[in-house]
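All remarks here apply to the structure that follows.
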Amino acid sequence: MKKVIITGAGSFVGTSVQRHLEAYPDKYSVTTVDTKNGKWAEKDFSFFDTVYHVAGIAHSDIGNVTEEVKKKYYTVNTDLAVDVAKKAKNDGVKQFIFMSSAIVYGDSAPIGKEKIITMKTDYSPANFYGDSKVQAEKRLLQLSDDFFKIVILRCPMIYGKEGKGNFPILEKMAQKLPIFPKVENKRSMLYVGNLTEFVRLIIENEEAGIFWPCNKECINTSQLVQMIAKCHGKRVLLIPGFGWILKLMSHFTGYVNKAFGNLVYEEHLGDYIEEYRLYCLEQSIKEIEF
């Protein structure tokens, strides 16, 4: 039996992974620890095979923030991750899994422009949030050796029930709006049900290295809204011609490119030696909405 500790108790991703692993009681024992009060440093990690580190400050409105807030991003997203990893290594843990993000490659490309991430795509953080993840990755990989395996998961936007981010906003729109802009964009996303199985396999196979888990299908925002609406027995009419308005709005708010911009992982970049994509796009939407 593999013993796993999740640092970042109560988080959407951490709780989802915990539930998934606990569905295999003969294979995994799961413990969680909160990192906000410093109690994690008092815990003996020597009993565990894997530390799954999900604690961090998520991407929010970073347009106008103080230097103090910026410093907090590095304290939590970078320093805390490294400190937990160092403790894990010193206590004899074999594997450390870090939740990074596609944000290390910068923001989505504007409407009408492509952005395709490949295995060779270099870091290009657009802000301190992205850079805090980049710095964490670099320092964590330095700790890796034959006895302490570092796993970096560069996930695109994760969605699911009780998740945050743009998806809940699109859900509300799909249920309330009779019309929606028709935009031909492409985005890689990751359903939390596929992520949880990927993490399980990474633990089971005692992996090390950088991985890019994502759904097999890319998502078009306009079509996604239609799919959500259909689950609720509603019909949303897609109206073309809004592209120029959205491009204009994108100069005033970053949310436009987050929702309608382009950011795609190269085909097969997210593949793994075992199948972890338990849900196709349509199945994932039904799981969330029903």
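Lettering and numbering for the structure tokens are positional, with chains as A, B, ... in the shown order, residues counted from 1 in each chain, and ligands counted from 1 in the shown order.
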How close does range 203-281 of chain A get to range 162-180 of chain A? List, as a Markdown table, each residue of range 203-281 of chain A within 6 Å, its nearest atom pair and the distance in Å to one decimal, counting only C-alpha atoms.
```
| residue | atom | partner | partner_atom | distance |
| --- | --- | --- | --- | --- |
| A:Val225 | CA | A:Ala174 | CA | 5.2 |
| A:Ala229 | CA | A:Ala174 | CA | 4.9 |
| A:Val236 | CA | A:Pro178 | CA | 4.9 |
| A:Leu237 | CA | A:Ile179 | CA | 4.6 |
| A:Leu238 | CA | A:Phe180 | CA | 5.0 |
```
> What lies within 9 Å of range 189-196 of chain A using only C-alpha atoms, ignoring chain neighbours under 2 positions off, as a PyMOL selection string?
Replying inline: chain A and resi 13+16-21+155-161+163+187+198-201+213-219+264+276-281+284-285
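Minimum distance to Lys89 in chain A across A:Val33, A:Leu224, A:Ala23, A:Leu140 (counting only C-alpha atoms) occurs at A:Leu140.
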> Taking the backbone alone, and naming residues the way the document does, which bits of range 95-247 of chain A are strand (DSSP E or B) by DSSP, as a ChimeraX atom specification?
Replying inline: /A:95-99,109,116-117,149-153,157-159,179-181,187,189-191,209-211,219,237-239
Store the residues picked out above in a file with N, CA, C and O atoms, as a tab-separated table (two decimals), in the first residue's frame.
```
chain	number	residue	atom	x	y	z
A	95	GLN	N	8.84	10.49	-3.42
A	95	GLN	CA	8.28	11.21	-4.57
A	95	GLN	C	7.59	12.48	-4.11
A	95	GLN	O	6.85	12.48	-3.12
A	96	PHE	N	7.80	13.56	-4.87
A	96	PHE	CA	7.15	14.84	-4.60
A	96	PHE	C	6.48	15.31	-5.88
A	96	PHE	O	7.14	15.49	-6.91
A	97	ILE	N	5.16	15.52	-5.83
A	97	ILE	CA	4.39	15.95	-7.00
A	97	ILE	C	3.97	17.40	-6.81
A	97	ILE	O	3.32	17.74	-5.82
A	98	PHE	N	4.35	18.24	-7.77
A	98	PHE	CA	4.06	19.67	-7.68
A	98	PHE	C	3.05	20.08	-8.75
A	98	PHE	O	3.23	19.81	-9.93
A	99	MET	N	1.99	20.76	-8.31
A	99	MET	CA	1.00	21.28	-9.23
A	99	MET	C	1.46	22.61	-9.80
A	99	MET	O	1.33	23.65	-9.17
A	109	ALA	N	-3.00	33.45	-26.09
A	109	ALA	CA	-2.85	34.33	-27.25
A	109	ALA	C	-4.15	35.09	-27.47
A	109	ALA	O	-5.23	34.55	-27.21
A	116	ILE	N	0.50	27.44	-29.49
A	116	ILE	CA	0.60	25.98	-29.36
A	116	ILE	C	1.80	25.65	-28.49
A	116	ILE	O	2.93	26.02	-28.81
A	117	ILE	N	1.55	24.95	-27.40
A	117	ILE	CA	2.60	24.57	-26.47
A	117	ILE	C	3.16	23.20	-26.87
A	117	ILE	O	2.40	22.25	-27.08
A	149	LYS	N	12.24	11.63	-6.21
A	149	LYS	CA	11.71	11.90	-7.55
A	149	LYS	C	10.78	13.11	-7.52
A	149	LYS	O	9.81	13.14	-6.78
A	150	ILE	N	11.09	14.08	-8.38
A	150	ILE	CA	10.27	15.28	-8.52
A	150	ILE	C	9.37	15.14	-9.75
A	150	ILE	O	9.84	14.80	-10.83
A	151	VAL	N	8.08	15.39	-9.56
A	151	VAL	CA	7.11	15.39	-10.66
A	151	VAL	C	6.53	16.80	-10.79
A	151	VAL	O	6.05	17.36	-9.81
A	152	ILE	N	6.57	17.35	-11.98
A	152	ILE	CA	5.98	18.66	-12.28
A	152	ILE	C	4.79	18.44	-13.20
A	152	ILE	O	4.93	17.86	-14.27
A	153	LEU	N	3.61	18.90	-12.78
A	153	LEU	CA	2.41	18.79	-13.61
A	153	LEU	C	2.04	20.18	-14.13
A	153	LEU	O	1.57	21.03	-13.37
A	157	MET	N	-6.17	24.88	-17.78
A	157	MET	CA	-7.27	25.18	-16.86
A	157	MET	C	-8.00	23.92	-16.44
A	157	MET	O	-8.42	23.11	-17.28
A	158	ILE	N	-8.13	23.74	-15.12
A	158	ILE	CA	-8.81	22.57	-14.56
A	158	ILE	C	-10.25	22.95	-14.25
A	158	ILE	O	-10.50	24.00	-13.66
A	159	TYR	N	-11.18	22.10	-14.63
A	159	TYR	CA	-12.59	22.40	-14.37
A	159	TYR	C	-13.30	21.18	-13.78
A	159	TYR	O	-12.85	20.05	-13.94
A	179	ILE	N	-28.40	34.13	-26.40
A	179	ILE	CA	-27.41	34.25	-27.47
A	179	ILE	C	-26.02	34.36	-26.85
A	179	ILE	O	-25.87	34.74	-25.68
A	180	PHE	N	-25.00	34.02	-27.68
A	180	PHE	CA	-23.62	34.07	-27.19
A	180	PHE	C	-22.71	34.29	-28.40
A	180	PHE	O	-22.99	33.83	-29.50
A	181	PRO	N	-21.60	35.04	-28.21
A	181	PRO	CA	-20.70	35.29	-29.35
A	181	PRO	C	-20.14	33.99	-29.94
A	181	PRO	O	-19.75	33.08	-29.20
A	187	ARG	N	-8.83	25.87	-26.93
A	187	ARG	CA	-8.17	25.85	-25.63
A	187	ARG	C	-7.99	24.41	-25.16
A	187	ARG	O	-8.88	23.58	-25.34
A	189	MET	N	-7.90	22.08	-21.97
A	189	MET	CA	-8.41	22.11	-20.61
A	189	MET	C	-8.26	20.72	-20.00
A	189	MET	O	-7.94	19.76	-20.70
A	190	LEU	N	-8.50	20.62	-18.72
A	190	LEU	CA	-8.34	19.34	-18.04
A	190	LEU	C	-9.48	19.13	-17.05
A	190	LEU	O	-9.63	19.88	-16.08
A	191	TYR	N	-10.28	18.11	-17.32
A	191	TYR	CA	-11.37	17.77	-16.38
A	191	TYR	C	-10.76	17.15	-15.14
A	191	TYR	O	-9.87	16.30	-15.22
A	209	GLY	N	9.70	13.59	-13.40
A	209	GLY	CA	9.80	14.37	-14.63
A	209	GLY	C	8.67	15.38	-14.78
A	209	GLY	O	7.90	15.63	-13.86
A	210	ILE	N	8.58	15.96	-15.98
A	210	ILE	CA	7.58	16.98	-16.29
A	210	ILE	C	6.50	16.35	-17.17
A	210	ILE	O	6.79	15.64	-18.13
A	211	PHE	N	5.24	16.66	-16.84
A	211	PHE	CA	4.11	16.09	-17.57
A	211	PHE	C	3.10	17.19	-17.88
A	211	PHE	O	3.01	18.20	-17.18
A	219	ILE	N	-11.08	22.55	-26.59
A	219	ILE	CA	-12.41	23.12	-26.33
A	219	ILE	C	-12.55	24.45	-27.06
A	219	ILE	O	-11.65	25.28	-27.05
A	237	LEU	N	-28.12	30.42	-29.01
A	237	LEU	CA	-27.82	30.72	-30.41
A	237	LEU	C	-26.49	31.45	-30.48
A	237	LEU	O	-26.29	32.47	-29.81
A	238	LEU	N	-25.58	30.91	-31.30
A	238	LEU	CA	-24.26	31.53	-31.46
A	238	LEU	C	-24.32	32.58	-32.56
A	238	LEU	O	-24.72	32.29	-33.70
A	239	ILE	N	-23.92	33.80	-32.23
A	239	ILE	CA	-24.01	34.93	-33.14
A	239	ILE	C	-22.62	35.34	-33.61
A	239	ILE	O	-21.78	35.72	-32.78
```
> Got a sec to tell me which of range 26-183 of chain A DSSP assigns to alpha helix (DSSP H), as a PyMOL selection string?
Replying inline: chain A and resi 67-73+81-90+128-141+166-176
> Skipping near chain neighbours, those fewer than 3 positions away, what residues fall within 9 Å of Glu137 in chain A using only C-alpha atoms, listed as a list in words?
Replying inline: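 The neighbour list is Thr78, Val82, Phe98, Ser100, Ser132, Lys133, Val134, Leu140, Leu141, Gln142 and Ile152 of chain A.
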> If we count only C-alpha atoms, what is near Ala9 in chain A at a cut-off of 6 Å, once residues fewer than 2 positions away on the same chain are taken out, given as a ChimeraX atom specification?
Replying inline: /A:11,32-34
>> Need to verify the contact set: Ala55 in chain A, 8 Å, only C-alpha atoms, exclusion of same-chain residues closer than 5 positions in sequence. Can you return it as a list in words?
In response: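 In the requested form, the answer reads Thr7, Gly8, Ala9, Ser11, Thr35, Val76, Asn77 and Ala81 of chain A.
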I need the chosen residues saved as a compact mmCIF listing (two decimals), in the first residue's frame, with C-alpha atoms.
```txt
# COMPACT_ATOMS: atom_id res chain seq x y z
CA THR A 7 -0.34 19.38 1.39
CA GLY A 8 -3.11 21.91 0.92
CA ALA A 9 -6.09 20.50 2.81
CA SER A 11 -8.52 22.60 -1.92
CA THR A 35 -0.08 24.53 5.14
CA VAL A 76 3.46 30.67 -1.00
CA ASN A 77 3.87 29.43 -4.58
CA ALA A 81 6.70 24.44 -2.18
```
